[in-house]
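Asks: One structure coming up, written as structure tokens, with questions to follow.
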Number of protein chains: 2
Amino acid sequence: MKPVSLKQIAKELGISITTVSKALNDYPDVSEKTRKKVKDLALKLDYSPNSFALGLRKNESKTLGLIIPDNVHYFFSSVIKGILEVAEKHDYLVIVMQSNEDYELEKKQVDLLISKGVAGILISLSNRTHIFDHLNKIINNGIPLLLFDKISKNVNCSKVFIDDRKSAYEAVSYLIKKGYKRIAHFRGDLNPQNSIDRFLGYKKALADNNIEFDPSLVYLCNNNSDFEDGYNSAKKLISDHQGNVDALFTVNDLLAIGAIKYFNQNNIKIPEQIALMGFSNWFMASVITPALTTVEQNGFEMGKKAADILFHEINCIRKGISYEPQKVVIPTELIFRESS
Amino acid sequence: MKPVSLKQIAKELGISITTVSKALNDYPDVSEKTRKKVKDLALKLDYSPNSFALGLRKNESKTLGLIIPDNVHYFFSSVIKGILEVAEKHDYLVIVMQSNEDYELEKKQVDLLISKGVAGILISLSNRTHIFDHLNKIINNGIPLLLFDKISKNVNCSKVFIDDRKSAYEAVSYLIKKGYKRIAHFRGDLNPQNSIDRFLGYKKALADNNIEFDPSLVYLCNNNSDFEDGYNSAKKLISDHQGNVDALFTVNDLLAIGAIKYFNQNNIKIPEQIALMGFSNWFMASVITPALTTVEQNGFEMGKKAADILFHEINCIRKGISYEPQKVVIPTELIFRESS
DNA sequence: TTGTACGCGTTATCAT
DNA sequence: ATGATAACGCGTACAA
């Protein structure tokens, strides 16, 4: 019922707790005979060290904290998977929390993680986080912090992210190279840097190819229901620019899929009448008809890289070495499919 | 840098550690004046109790363990969200692990969780788990265990799941009521109970409606790549039963979506030539064209209910009350869309 | 009202 | 080769 402790093993074997501890931790100054006795009994009793005592003694928890805005999300799920995989290899556990895009909650969760004594913290910021005291608190507590995907320039810590601007630029440039000239854009919320940067990449691609930027081709989608936003904006787009638009670049795949639904229903041929380019390469993008051309944003790799860096920093701290915050850009890639 | 302890507060105030502890924990036997002094300083220093010490002292961790086969999965993601939401309310943290359908890994993870001293454990079993010693070990350690979705009858603990057989029965009965008679089935792996039960529900619906069961209409899809399995099986289905099949019930939505892709590409009209019924109501089901009629399997509710029950049991243990394992069936619901 | 002493399980230091 | 002791931070029975 109650977990076995060193004490019980010592008692049963008639030796001291110290010796048991040494035997189990392979200290050289304990006889082979004793070591074997101890290890055998420990195995038999299924002993495992009490992690509270260990934590108290060594002040290390073998635990990471992870905060994301939303877990029910293909991209973030992939990131988590990458992080869990690396943590697993290091025999670390991961505490996962969802901020639900709520700044106050995020703050509270950070406090909880700090008080839990986690060895490191990974965060993808909520869209509503504009104050960073809670993040600096992490750093001031000597806990390595890593921001990924939704990052902030105002915090001095390691970051893993994609180059949204460049990726969007490449995506739109591809459309242009294919001959499309009237390219609409469904952009995301005005706040998050991602959505801003993708918009800027779109604009720059137009400019660099001498295509005049037409603000009426840009639609703001921020009702937090991407699929329907995509559907409705597609409808508006067609009624606004009937015949005078030949391509559409959306800030994420879901908007594109909503648009596809509308186009399919209204017999607007993809890509003949309008070409589509998404962003993120959600699983859905590959199974929809027509399959969606999009930008691969490798969440799994991002998760692995993020965890790798964090472990590097954790190790530095353990060894008392100082480290420099790193900024790593995860490469993206155009995925060519049927929609353009 | 280093977290503040009671000791420092005591020193700074020139009083004993005990008094500080009592003041912070609102013991009655400490003067108002002292209490205020202590609380003010604690707030100023941003004191928070060392959770290792607390865990060691009280042997409780305010932490749950959660093991799922795969996080990148709409259904499981939803379950996690439900669990996290309830845990949040109780001020509990959740350690999330992925077994990747690997029995050995699942076992190791259970050991880790036990040694971490988690207050309770939630598991959706891997498909390859047929030995249950590790689960009984949890119970023997006095830790509440709850199985959800992928459960086993051979473990004596609380369980939250859906009635796969009944749900499949209702789904197929609906198809029959609509007039379909030659109903094919894409079934899942032979092992997991879910896939067996859904198959049995399918058979029973046929039997109860005097439709002869035709084994040649059942296709085994177990290549772990549901979308392609669905696509390929649909192809086979058509070549095997051209014109002699009018509906298809798949063990999950992804198979159905693969089939839709094939039917769409080959101009086979849904539902005119073949009607489709999926299972799970993944997000994708609602956005695909045609939208997929399916069985809603409410993961979010399942997660919430699972966590509720677990917390009930954790409370019982804390109070020393005994409790009976519960079995809760989460209701499913037919979602009518365009595919049938 | 305040403080002393002990124990939770572990490991590091120092004696034996 | 082995063991006694202290310390990590906290809560609590008990003494003052």
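Labels used: A, B, ... for chains in the order of the structure tokens, numbers from 1 for residues in each chain, and numbers from 1 for ligands as shown.
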Per residue of chain A within 7 Å of chain B, what are the shortest atom pair and its distance in Å to one decimal, counting only C-alpha atoms, with rows by chain and residue number, as JSON lines?
Replies:
```
{"residue": "A:Met1", "atom": "CA", "partner": "B:Asn141", "partner_atom": "CA", "distance": 4.8}
{"residue": "A:Lys2", "atom": "CA", "partner": "B:Asn141", "partner_atom": "CA", "distance": 6.2}
{"residue": "A:Pro3", "atom": "CA", "partner": "B:Asn141", "partner_atom": "CA", "distance": 6.8}
{"residue": "A:Ser48", "atom": "CA", "partner": "B:Ser115", "partner_atom": "CA", "distance": 6.1}
{"residue": "A:Pro49", "atom": "CA", "partner": "B:Ser115", "partner_atom": "CA", "distance": 6.8}
{"residue": "A:Asn50", "atom": "CA", "partner": "B:Ser115", "partner_atom": "CA", "distance": 6.2}
{"residue": "A:Ser51", "atom": "CA", "partner": "B:Lys116", "partner_atom": "CA", "distance": 5.4}
{"residue": "A:Phe52", "atom": "CA", "partner": "B:Phe52", "partner_atom": "CA", "distance": 4.7}
{"residue": "A:Ala53", "atom": "CA", "partner": "B:Leu56", "partner_atom": "CA", "distance": 6.1}
{"residue": "A:Gly55", "atom": "CA", "partner": "B:Phe52", "partner_atom": "CA", "distance": 5.8}
{"residue": "A:Leu56", "atom": "CA", "partner": "B:Phe52", "partner_atom": "CA", "distance": 5.3}
{"residue": "A:Asn71", "atom": "CA", "partner": "B:Ser77", "partner_atom": "CA", "distance": 6.1}
{"residue": "A:Val72", "atom": "CA", "partner": "B:Ser77", "partner_atom": "CA", "distance": 5.0}
{"residue": "A:Tyr74", "atom": "CA", "partner": "B:Val72", "partner_atom": "CA", "distance": 6.6}
{"residue": "A:Ser77", "atom": "CA", "partner": "B:Val72", "partner_atom": "CA", "distance": 5.0}
{"residue": "A:Ser78", "atom": "CA", "partner": "B:Val72", "partner_atom": "CA", "distance": 5.9}
{"residue": "A:Lys81", "atom": "CA", "partner": "B:Asn71", "partner_atom": "CA", "distance": 6.7}
{"residue": "A:Leu84", "atom": "CA", "partner": "B:Met97", "partner_atom": "CA", "distance": 6.9}
{"residue": "A:Leu93", "atom": "CA", "partner": "B:Ile95", "partner_atom": "CA", "distance": 6.6}
{"residue": "A:Val94", "atom": "CA", "partner": "B:Ile95", "partner_atom": "CA", "distance": 5.4}
{"residue": "A:Ile95", "atom": "CA", "partner": "B:Ile95", "partner_atom": "CA", "distance": 4.3}
{"residue": "A:Val96", "atom": "CA", "partner": "B:Val94", "partner_atom": "CA", "distance": 6.1}
{"residue": "A:Met97", "atom": "CA", "partner": "B:Leu84", "partner_atom": "CA", "distance": 6.8}
{"residue": "A:Ser115", "atom": "CA", "partner": "B:Ser48", "partner_atom": "CA", "distance": 6.1}
{"residue": "A:Lys116", "atom": "CA", "partner": "B:Ser51", "partner_atom": "CA", "distance": 5.5}
{"residue": "A:Asn140", "atom": "CA", "partner": "B:Met1", "partner_atom": "CA", "distance": 5.8}
{"residue": "A:Asn141", "atom": "CA", "partner": "B:Met1", "partner_atom": "CA", "distance": 4.9}
{"residue": "A:Gly142", "atom": "CA", "partner": "B:Met1", "partner_atom": "CA", "distance": 6.0}
{"residue": "A:Lys261", "atom": "CA", "partner": "B:Thr289", "partner_atom": "CA", "distance": 6.8}
{"residue": "A:Met284", "atom": "CA", "partner": "B:Met284", "partner_atom": "CA", "distance": 6.7}
{"residue": "A:Ile288", "atom": "CA", "partner": "B:Ile288", "partner_atom": "CA", "distance": 6.4}
{"residue": "A:Thr289", "atom": "CA", "partner": "B:Lys261", "partner_atom": "CA", "distance": 6.8}
```
Asks: Compile the contact shell of DC6 (chain C) as a ChimeraX atom specification: residues with an atom at most 12 Å away, counting only C-alpha atoms (C1' of nucleotides), same-chain residues fewer than 5 positions apart removed.
Replies: /D:10-14
Asks: Hey, what's within 12 Å of Tyr219 (chain B) if we count only C-alpha atoms (C1' of nucleotides) and toss same-chain stuff fewer than 6 positions away? As a list in words, please?
Replies: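 My reading of the contact set: Ile183, Ala184, His185, Phe186, Arg187, Gly188, Asp189, Leu190, Phe199, Asp229, Gly230, Tyr231, Asn232, Ser233, Ala234, Lys235, Lys236, Leu237, Ile238, Asp240, Leu248, Phe249, Thr250, Val251 and Leu255 of chain B.
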Asks: List every residue of region 114-312 of chain B that DSSP, applied to the backbone of this structure, assigns to helix (DSSP H, G or I), and report them as a compact mmCIF listing (two decimals) with N, CA, C and O atoms, in the first residue's frame.
Replies:
```
# COMPACT_ATOMS: atom_id res chain seq x y z
N ILE B 114 3.72 6.91 -10.79
CA ILE B 114 3.62 6.44 -9.41
C ILE B 114 4.74 7.02 -8.57
O ILE B 114 4.52 7.54 -7.48
N SER B 115 5.95 6.97 -9.10
CA SER B 115 7.08 7.44 -8.31
C SER B 115 7.02 8.95 -8.12
O SER B 115 7.63 9.49 -7.20
N LYS B 116 6.30 9.62 -9.00
CA LYS B 116 6.14 11.06 -8.86
C LYS B 116 5.13 11.42 -7.78
O LYS B 116 4.96 12.57 -7.43
N ASP B 133 -0.84 -5.77 -15.13
CA ASP B 133 -0.11 -5.67 -13.86
C ASP B 133 0.21 -4.23 -13.50
O ASP B 133 0.11 -3.84 -12.33
N HIS B 134 0.61 -3.48 -14.51
CA HIS B 134 0.99 -2.10 -14.20
C HIS B 134 -0.19 -1.28 -13.70
O HIS B 134 -0.05 -0.39 -12.88
N LEU B 135 -1.38 -1.63 -14.20
CA LEU B 135 -2.57 -0.90 -13.74
C LEU B 135 -2.93 -1.32 -12.31
O LEU B 135 -3.28 -0.47 -11.48
N ASN B 136 -2.82 -2.59 -12.05
CA ASN B 136 -3.11 -3.05 -10.69
C ASN B 136 -2.11 -2.47 -9.68
O ASN B 136 -2.46 -2.21 -8.53
N LYS B 137 -0.91 -2.27 -10.17
CA LYS B 137 0.10 -1.66 -9.30
C LYS B 137 -0.34 -0.27 -8.85
O LYS B 137 -0.15 0.11 -7.70
N ILE B 138 -0.92 0.46 -9.79
CA ILE B 138 -1.44 1.79 -9.44
C ILE B 138 -2.44 1.67 -8.30
O ILE B 138 -2.35 2.36 -7.29
N ILE B 139 -3.38 0.76 -8.51
CA ILE B 139 -4.44 0.58 -7.51
C ILE B 139 -3.84 0.13 -6.18
O ILE B 139 -4.23 0.61 -5.12
N ASN B 140 -2.89 -0.79 -6.24
CA ASN B 140 -2.27 -1.28 -5.02
C ASN B 140 -1.49 -0.20 -4.29
O ASN B 140 -1.26 -0.29 -3.08
N ASP B 164 -20.10 1.70 -27.75
CA ASP B 164 -19.77 1.59 -29.17
C ASP B 164 -20.78 0.74 -29.92
O ASP B 164 -21.18 1.04 -31.04
N ARG B 165 -21.17 -0.33 -29.27
CA ARG B 165 -22.07 -1.26 -29.95
C ARG B 165 -23.41 -0.61 -30.25
O ARG B 165 -23.92 -0.66 -31.36
N LYS B 166 -23.94 0.01 -29.22
CA LYS B 166 -25.23 0.66 -29.37
C LYS B 166 -25.15 1.81 -30.38
O LYS B 166 -26.04 1.99 -31.22
N SER B 167 -24.08 2.59 -30.29
CA SER B 167 -23.94 3.73 -31.19
C SER B 167 -23.87 3.27 -32.64
O SER B 167 -24.51 3.86 -33.52
N ALA B 168 -23.10 2.23 -32.87
CA ALA B 168 -22.99 1.71 -34.23
C ALA B 168 -24.34 1.15 -34.68
O ALA B 168 -24.76 1.31 -35.83
N TYR B 169 -25.01 0.49 -33.75
CA TYR B 169 -26.32 -0.07 -34.05
C TYR B 169 -27.28 1.02 -34.52
O TYR B 169 -27.96 0.89 -35.54
N GLU B 170 -27.29 2.12 -33.79
CA GLU B 170 -28.18 3.23 -34.15
C GLU B 170 -27.80 3.85 -35.49
O GLU B 170 -28.67 4.20 -36.29
N ALA B 171 -26.49 3.96 -35.69
CA ALA B 171 -26.03 4.56 -36.95
C ALA B 171 -26.49 3.72 -38.14
O ALA B 171 -27.06 4.24 -39.11
N VAL B 172 -26.28 2.42 -38.04
CA VAL B 172 -26.64 1.55 -39.16
C VAL B 172 -28.16 1.45 -39.29
O VAL B 172 -28.71 1.39 -40.40
N SER B 173 -28.84 1.43 -38.15
CA SER B 173 -30.30 1.37 -38.20
C SER B 173 -30.86 2.58 -38.96
O SER B 173 -31.83 2.48 -39.70
N TYR B 174 -30.22 3.72 -38.74
CA TYR B 174 -30.65 4.92 -39.44
C TYR B 174 -30.50 4.75 -40.95
O TYR B 174 -31.42 5.10 -41.72
N LEU B 175 -29.37 4.19 -41.35
CA LEU B 175 -29.17 3.95 -42.78
C LEU B 175 -30.27 3.04 -43.32
O LEU B 175 -30.84 3.26 -44.40
N ILE B 176 -30.56 2.02 -42.56
CA ILE B 176 -31.58 1.06 -43.01
C ILE B 176 -32.95 1.72 -43.12
O ILE B 176 -33.69 1.54 -44.09
N LYS B 177 -33.25 2.52 -42.12
CA LYS B 177 -34.54 3.21 -42.14
C LYS B 177 -34.66 4.11 -43.36
O LYS B 177 -35.75 4.32 -43.89
N GLN B 193 -11.23 -3.11 -28.51
CA GLN B 193 -12.63 -3.43 -28.25
C GLN B 193 -13.55 -2.50 -29.03
O GLN B 193 -14.59 -2.93 -29.54
N ASN B 194 -13.18 -1.23 -29.14
CA ASN B 194 -14.00 -0.28 -29.88
C ASN B 194 -14.37 -0.81 -31.26
O ASN B 194 -15.53 -0.78 -31.66
N SER B 195 -13.36 -1.27 -31.96
CA SER B 195 -13.59 -1.66 -33.33
C SER B 195 -14.42 -2.93 -33.40
O SER B 195 -15.27 -3.11 -34.27
N ILE B 196 -14.19 -3.81 -32.46
CA ILE B 196 -15.01 -5.04 -32.39
C ILE B 196 -16.47 -4.67 -32.12
O ILE B 196 -17.39 -5.14 -32.80
N ASP B 197 -16.68 -3.82 -31.14
CA ASP B 197 -18.04 -3.48 -30.75
C ASP B 197 -18.80 -2.76 -31.86
O ASP B 197 -19.99 -3.00 -32.06
N ARG B 198 -18.10 -1.89 -32.55
CA ARG B 198 -18.80 -1.18 -33.63
C ARG B 198 -19.19 -2.16 -34.74
O ARG B 198 -20.26 -2.05 -35.33
N PHE B 199 -18.33 -3.11 -34.96
CA PHE B 199 -18.64 -4.14 -35.95
C PHE B 199 -19.86 -4.96 -35.50
O PHE B 199 -20.77 -5.23 -36.29
N LEU B 200 -19.88 -5.31 -34.22
CA LEU B 200 -21.01 -6.10 -33.72
C LEU B 200 -22.31 -5.31 -33.79
O LEU B 200 -23.37 -5.88 -34.08
N GLY B 201 -22.23 -4.01 -33.52
CA GLY B 201 -23.42 -3.17 -33.62
C GLY B 201 -23.95 -3.16 -35.05
O GLY B 201 -25.17 -3.22 -35.29
N TYR B 202 -23.02 -3.07 -35.97
CA TYR B 202 -23.37 -3.10 -37.40
C TYR B 202 -24.10 -4.40 -37.74
O TYR B 202 -25.18 -4.39 -38.34
N LYS B 203 -23.53 -5.50 -37.30
CA LYS B 203 -24.13 -6.81 -37.61
C LYS B 203 -25.52 -6.94 -37.01
O LYS B 203 -26.45 -7.45 -37.63
N LYS B 204 -25.62 -6.48 -35.77
CA LYS B 204 -26.89 -6.65 -35.08
C LYS B 204 -27.99 -5.82 -35.76
O LYS B 204 -29.15 -6.28 -35.88
N ALA B 205 -27.64 -4.63 -36.20
CA ALA B 205 -28.62 -3.78 -36.87
C ALA B 205 -29.12 -4.49 -38.12
O ALA B 205 -30.33 -4.48 -38.42
N LEU B 206 -28.21 -5.08 -38.86
CA LEU B 206 -28.62 -5.83 -40.05
C LEU B 206 -29.57 -6.95 -39.65
O LEU B 206 -30.66 -7.10 -40.21
N ALA B 207 -29.15 -7.74 -38.68
CA ALA B 207 -29.93 -8.91 -38.25
C ALA B 207 -31.34 -8.50 -37.81
O ALA B 207 -32.34 -9.08 -38.25
N ASP B 208 -31.41 -7.47 -36.99
CA ASP B 208 -32.70 -7.05 -36.47
C ASP B 208 -33.63 -6.52 -37.55
O ASP B 208 -34.84 -6.38 -37.34
N PRO B 215 -20.40 -11.07 -45.56
CA PRO B 215 -19.01 -10.82 -45.13
C PRO B 215 -18.18 -10.12 -46.21
O PRO B 215 -17.21 -9.43 -45.88
N SER B 216 -18.56 -10.29 -47.44
CA SER B 216 -17.75 -9.68 -48.49
C SER B 216 -17.92 -8.16 -48.51
O SER B 216 -17.20 -7.46 -49.21
N LEU B 217 -18.87 -7.66 -47.75
CA LEU B 217 -19.06 -6.21 -47.67
C LEU B 217 -18.25 -5.58 -46.54
O LEU B 217 -18.29 -4.37 -46.33
N ASP B 226 -5.38 5.76 -41.81
CA ASP B 226 -6.80 5.64 -42.04
C ASP B 226 -7.27 6.26 -43.35
O ASP B 226 -8.06 5.68 -44.07
N PHE B 227 -6.75 7.47 -43.61
CA PHE B 227 -7.23 8.16 -44.81
C PHE B 227 -6.96 7.33 -46.07
O PHE B 227 -7.86 7.10 -46.88
N GLU B 228 -5.74 6.84 -46.21
CA GLU B 228 -5.42 6.04 -47.38
C GLU B 228 -6.13 4.69 -47.37
O GLU B 228 -6.56 4.19 -48.41
N ASP B 229 -6.25 4.10 -46.19
CA ASP B 229 -7.03 2.87 -46.08
C ASP B 229 -8.44 3.09 -46.62
O ASP B 229 -8.98 2.25 -47.34
N GLY B 230 -9.00 4.22 -46.24
CA GLY B 230 -10.36 4.51 -46.68
C GLY B 230 -10.43 4.66 -48.19
O GLY B 230 -11.34 4.13 -48.85
N TYR B 231 -9.45 5.37 -48.71
CA TYR B 231 -9.40 5.59 -50.16
C TYR B 231 -9.28 4.26 -50.90
O TYR B 231 -10.06 3.94 -51.80
N ASN B 232 -8.31 3.45 -50.47
CA ASN B 232 -8.06 2.18 -51.16
C ASN B 232 -9.20 1.19 -50.99
O ASN B 232 -9.57 0.48 -51.93
N SER B 233 -9.76 1.15 -49.79
CA SER B 233 -10.86 0.21 -49.58
C SER B 233 -12.08 0.61 -50.39
O SER B 233 -12.84 -0.24 -50.86
N ALA B 234 -12.27 1.93 -50.53
CA ALA B 234 -13.40 2.40 -51.34
C ALA B 234 -13.23 1.93 -52.78
O ALA B 234 -14.20 1.49 -53.43
N LYS B 235 -12.02 2.02 -53.24
CA LYS B 235 -11.71 1.58 -54.59
C LYS B 235 -12.04 0.09 -54.76
O LYS B 235 -12.72 -0.32 -55.70
N LYS B 236 -11.58 -0.68 -53.78
CA LYS B 236 -11.85 -2.12 -53.82
C LYS B 236 -13.35 -2.39 -53.73
O LYS B 236 -13.89 -3.21 -54.47
N LEU B 237 -13.97 -1.66 -52.83
CA LEU B 237 -15.41 -1.85 -52.65
C LEU B 237 -16.15 -1.69 -53.96
O LEU B 237 -17.02 -2.51 -54.32
N ILE B 238 -15.82 -0.63 -54.68
CA ILE B 238 -16.51 -0.36 -55.94
C ILE B 238 -16.21 -1.45 -56.97
O ILE B 238 -17.10 -1.95 -57.66
N SER B 239 -14.94 -1.84 -57.05
CA SER B 239 -14.62 -2.84 -58.07
C SER B 239 -15.22 -4.21 -57.70
O SER B 239 -15.57 -4.99 -58.56
N ASP B 240 -15.35 -4.48 -56.41
CA ASP B 240 -15.94 -5.75 -55.98
C ASP B 240 -17.46 -5.79 -56.15
O ASP B 240 -18.04 -6.81 -56.49
N HIS B 241 -18.08 -4.65 -55.85
CA HIS B 241 -19.55 -4.69 -55.73
C HIS B 241 -20.26 -3.65 -56.59
O HIS B 241 -21.39 -3.26 -56.28
N ASP B 253 -14.22 8.48 -38.79
CA ASP B 253 -14.46 9.50 -39.80
C ASP B 253 -13.37 9.55 -40.86
O ASP B 253 -13.64 9.84 -42.03
N LEU B 254 -12.15 9.26 -40.46
CA LEU B 254 -11.04 9.40 -41.38
C LEU B 254 -11.16 8.42 -42.54
O LEU B 254 -10.87 8.75 -43.70
N LEU B 255 -11.59 7.21 -42.23
CA LEU B 255 -11.82 6.22 -43.29
C LEU B 255 -12.88 6.75 -44.24
O LEU B 255 -12.77 6.62 -45.47
N ALA B 256 -13.92 7.32 -43.67
CA ALA B 256 -15.00 7.84 -44.50
C ALA B 256 -14.49 8.96 -45.40
O ALA B 256 -14.87 9.05 -46.58
N ILE B 257 -13.61 9.77 -44.86
CA ILE B 257 -13.11 10.90 -45.64
C ILE B 257 -12.21 10.42 -46.78
O ILE B 257 -12.24 10.95 -47.89
N GLY B 258 -11.46 9.37 -46.51
CA GLY B 258 -10.69 8.75 -47.58
C GLY B 258 -11.59 8.21 -48.68
O GLY B 258 -11.33 8.37 -49.87
N ALA B 259 -12.67 7.61 -48.24
CA ALA B 259 -13.63 7.06 -49.20
C ALA B 259 -14.27 8.19 -50.02
O ALA B 259 -14.43 8.09 -51.24
N ILE B 260 -14.61 9.28 -49.33
CA ILE B 260 -15.22 10.42 -50.02
C ILE B 260 -14.29 10.91 -51.13
O ILE B 260 -14.72 11.21 -52.24
N LYS B 261 -13.01 10.98 -50.80
CA LYS B 261 -12.04 11.44 -51.80
C LYS B 261 -12.13 10.56 -53.06
O LYS B 261 -12.20 11.06 -54.18
N TYR B 262 -12.16 9.24 -52.83
CA TYR B 262 -12.22 8.35 -53.98
C TYR B 262 -13.52 8.52 -54.77
O TYR B 262 -13.53 8.62 -55.99
N PHE B 263 -14.62 8.57 -54.03
CA PHE B 263 -15.92 8.71 -54.70
C PHE B 263 -15.99 10.03 -55.47
O PHE B 263 -16.45 10.08 -56.60
N ASN B 264 -15.53 11.11 -54.84
CA ASN B 264 -15.53 12.40 -55.53
C ASN B 264 -14.71 12.35 -56.80
O ASN B 264 -15.14 12.83 -57.86
N GLN B 265 -13.54 11.79 -56.69
CA GLN B 265 -12.64 11.74 -57.85
C GLN B 265 -13.24 10.92 -58.98
O GLN B 265 -12.95 11.15 -60.15
N PHE B 283 -13.65 17.16 -36.31
CA PHE B 283 -13.92 18.47 -36.88
C PHE B 283 -14.03 18.42 -38.40
O PHE B 283 -14.92 19.00 -39.01
N MET B 284 -13.13 17.67 -38.99
CA MET B 284 -13.10 17.51 -40.43
C MET B 284 -14.42 17.11 -41.05
O MET B 284 -14.74 17.50 -42.17
N ALA B 285 -15.17 16.30 -40.31
CA ALA B 285 -16.41 15.76 -40.85
C ALA B 285 -17.37 16.88 -41.26
O ALA B 285 -18.17 16.72 -42.19
N SER B 286 -17.28 18.00 -40.55
CA SER B 286 -18.25 19.06 -40.82
C SER B 286 -17.81 19.95 -41.99
O SER B 286 -18.61 20.66 -42.56
N VAL B 287 -16.54 19.91 -42.34
CA VAL B 287 -16.07 20.84 -43.36
C VAL B 287 -15.85 20.18 -44.73
O VAL B 287 -15.68 20.85 -45.73
N GLY B 299 -15.76 14.05 -26.86
CA GLY B 299 -14.51 13.90 -26.14
C GLY B 299 -14.38 14.89 -24.99
O GLY B 299 -13.92 14.54 -23.89
N PHE B 300 -14.82 16.11 -25.23
CA PHE B 300 -14.71 17.13 -24.20
C PHE B 300 -15.51 16.74 -22.97
O PHE B 300 -15.02 16.79 -21.84
N GLU B 301 -16.73 16.27 -23.20
CA GLU B 301 -17.56 15.82 -22.08
C GLU B 301 -16.93 14.62 -21.38
O GLU B 301 -16.96 14.49 -20.16
N MET B 302 -16.40 13.72 -22.20
CA MET B 302 -15.78 12.54 -21.62
C MET B 302 -14.63 12.94 -20.70
O MET B 302 -14.49 12.43 -19.60
N GLY B 303 -13.83 13.88 -21.16
CA GLY B 303 -12.70 14.34 -20.36
C GLY B 303 -13.17 14.97 -19.05
O GLY B 303 -12.63 14.69 -17.98
N LYS B 304 -14.18 15.81 -19.16
CA LYS B 304 -14.67 16.47 -17.95
C LYS B 304 -15.22 15.45 -16.94
O LYS B 304 -14.92 15.49 -15.76
N LYS B 305 -16.03 14.53 -17.47
CA LYS B 305 -16.62 13.53 -16.58
C LYS B 305 -15.54 12.67 -15.93
O LYS B 305 -15.59 12.37 -14.73
N ALA B 306 -14.56 12.28 -16.73
CA ALA B 306 -13.47 11.44 -16.21
C ALA B 306 -12.76 12.15 -15.06
O ALA B 306 -12.53 11.57 -13.99
N ALA B 307 -12.44 13.42 -15.28
CA ALA B 307 -11.74 14.18 -14.24
C ALA B 307 -12.62 14.35 -13.01
O ALA B 307 -12.15 14.22 -11.87
N ASP B 308 -13.91 14.60 -13.23
CA ASP B 308 -14.83 14.75 -12.09
C ASP B 308 -14.79 13.52 -11.20
O ASP B 308 -14.68 13.61 -9.98
N ILE B 309 -14.91 12.38 -11.83
CA ILE B 309 -14.93 11.14 -11.06
C ILE B 309 -13.61 10.95 -10.33
O ILE B 309 -13.57 10.58 -9.15
N LEU B 310 -12.53 11.20 -11.01
CA LEU B 310 -11.23 11.02 -10.39
C LEU B 310 -11.08 11.93 -9.17
O LEU B 310 -10.59 11.49 -8.12
N PHE B 311 -11.53 13.16 -9.29
CA PHE B 311 -11.42 14.07 -8.15
C PHE B 311 -12.29 13.61 -6.99
O PHE B 311 -11.92 13.75 -5.83
N HIS B 312 -13.44 13.05 -7.34
CA HIS B 312 -14.28 12.50 -6.28
C HIS B 312 -13.51 11.44 -5.50
O HIS B 312 -13.51 11.43 -4.27
```
Asks: Give me, as JSON lines, the closest atom pair and its distance (Å, one decimal) for every residue of chain D within a cut-off of 12 Å of chain A, counting only C-alpha atoms (C1' of nucleotides), rows sorted by chain and rising number.
Replies:
```
{"residue": "D:DA1", "atom": "C1'", "partner": "A:Val30", "partner_atom": "CA", "distance": 5.7}
{"residue": "D:DT2", "atom": "C1'", "partner": "A:Thr19", "partner_atom": "CA", "distance": 6.7}
{"residue": "D:DG3", "atom": "C1'", "partner": "A:Ser16", "partner_atom": "CA", "distance": 6.2}
{"residue": "D:DA4", "atom": "C1'", "partner": "A:Thr18", "partner_atom": "CA", "distance": 9.0}
{"residue": "D:DT5", "atom": "C1'", "partner": "A:Thr18", "partner_atom": "CA", "distance": 10.6}
{"residue": "D:DA7", "atom": "C1'", "partner": "A:Arg57", "partner_atom": "CA", "distance": 8.2}
{"residue": "D:DC8", "atom": "C1'", "partner": "A:Arg57", "partner_atom": "CA", "distance": 4.8}
{"residue": "D:DG9", "atom": "C1'", "partner": "A:Leu56", "partner_atom": "CA", "distance": 7.5}
{"residue": "D:DC10", "atom": "C1'", "partner": "A:Leu56", "partner_atom": "CA", "distance": 10.6}
```
Asks: I need the contact residues of chain C against chain A, so if you could list those with any atom within 10 Å, counting only C-alpha atoms (C1' of nucleotides), and return them as a list of chain:residue names, that would help.
Replies: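 Interface list for chain C against chain A: C:DC8, C:DG9, C:DT10, C:DT11.
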Asks: Let me make sure I understand: among B:Asp40, B:Glu32, B:Glu324, B:Glu313, which one has the smallest atom-to-atom distance to DT1 (chain C) if we use only C-alpha atoms (C1' of nucleotides)?
Replies: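 Of B:Asp40, B:Glu32, B:Glu324, B:Glu313, the one nearest DT1 (chain C) is B:Glu32, counting only C-alpha atoms (C1' of nucleotides).
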Asks: So what do you get for CA of Tyr103 (chain A) versus CA of Thr129 (chain A), distance-wise?
Replies: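 It comes out at 5.2 Å.
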Asks: Per DSSP on the backbone, what are the strand (DSSP E) residues of region 128-223 of chain B, as a PyMOL selection string?
Replies: chain B and resi 145-148+158-161+183-187+218-220
